[in-house]
Amino acid sequence: MRILAILSLLFVLACSRAEAGHSQGNGTCDDDILHWSNMIEKRSDAPLYEKSKVMAELAQKKGDVWGCENFMEEALRMIRNPYPTE
């Protein structure tokens, strides 16, 4: 009986999948937009704060997921610590 319980547990663990936060190349830009939205107001002291807002706006207007993800990654880069200046 114990062997069956252990095998069942191993099967469940092997088949489960966990994702933390946002990831690129997953076929959607929604998680990137959500991640940026959660960060932007906390990082208003970033030198590229306004540019990040413009980049995120452009990303959301992109017609393809790949383009949106790339623009959102750039918008996120602009507000990540340590803050870039270019």
# chains A, B, ... in the order shown; residues from 1 in each chain; ligands from 1

$ residues_around --residues "A:Asn26" --least-positions-apart "6" --cutoff "12 Å" --atoms "only C-alpha atoms" --output "tab-separated table (two decimals) with N, CA and C atoms, in the first residue's frame"
chain	number	residue	atom	x	y	z
A	19	GLU	N	4.98	27.78	-12.54
A	19	GLU	CA	5.59	28.93	-13.18
A	19	GLU	C	5.55	30.09	-12.21
A	32	ASP	N	3.67	39.60	-19.12
A	32	ASP	CA	4.68	40.66	-19.15
A	32	ASP	C	4.04	42.01	-18.80
A	65	VAL	N	2.69	38.86	-30.73
A	65	VAL	CA	3.12	38.54	-29.37
A	65	VAL	C	4.63	38.72	-29.22
A	66	TRP	N	5.40	38.28	-30.20
A	66	TRP	CA	6.85	38.37	-30.13
A	66	TRP	C	7.28	39.83	-29.97
A	68	CYS	N	5.46	42.36	-28.89
A	68	CYS	CA	4.97	42.86	-27.60
A	68	CYS	C	5.90	42.42	-26.48
A	69	GLU	N	6.28	41.15	-26.48
A	69	GLU	CA	7.17	40.65	-25.43
A	69	GLU	C	8.52	41.37	-25.44

$ residues_around --residues "stretch 38-55 of chain A" --least-positions-apart "2" --cutoff "12 Å" --atoms "only C-alpha atoms" --output "VMD selection string"
chain A and resid 21 to 22 31 to 36 57 to 62 67 to 86
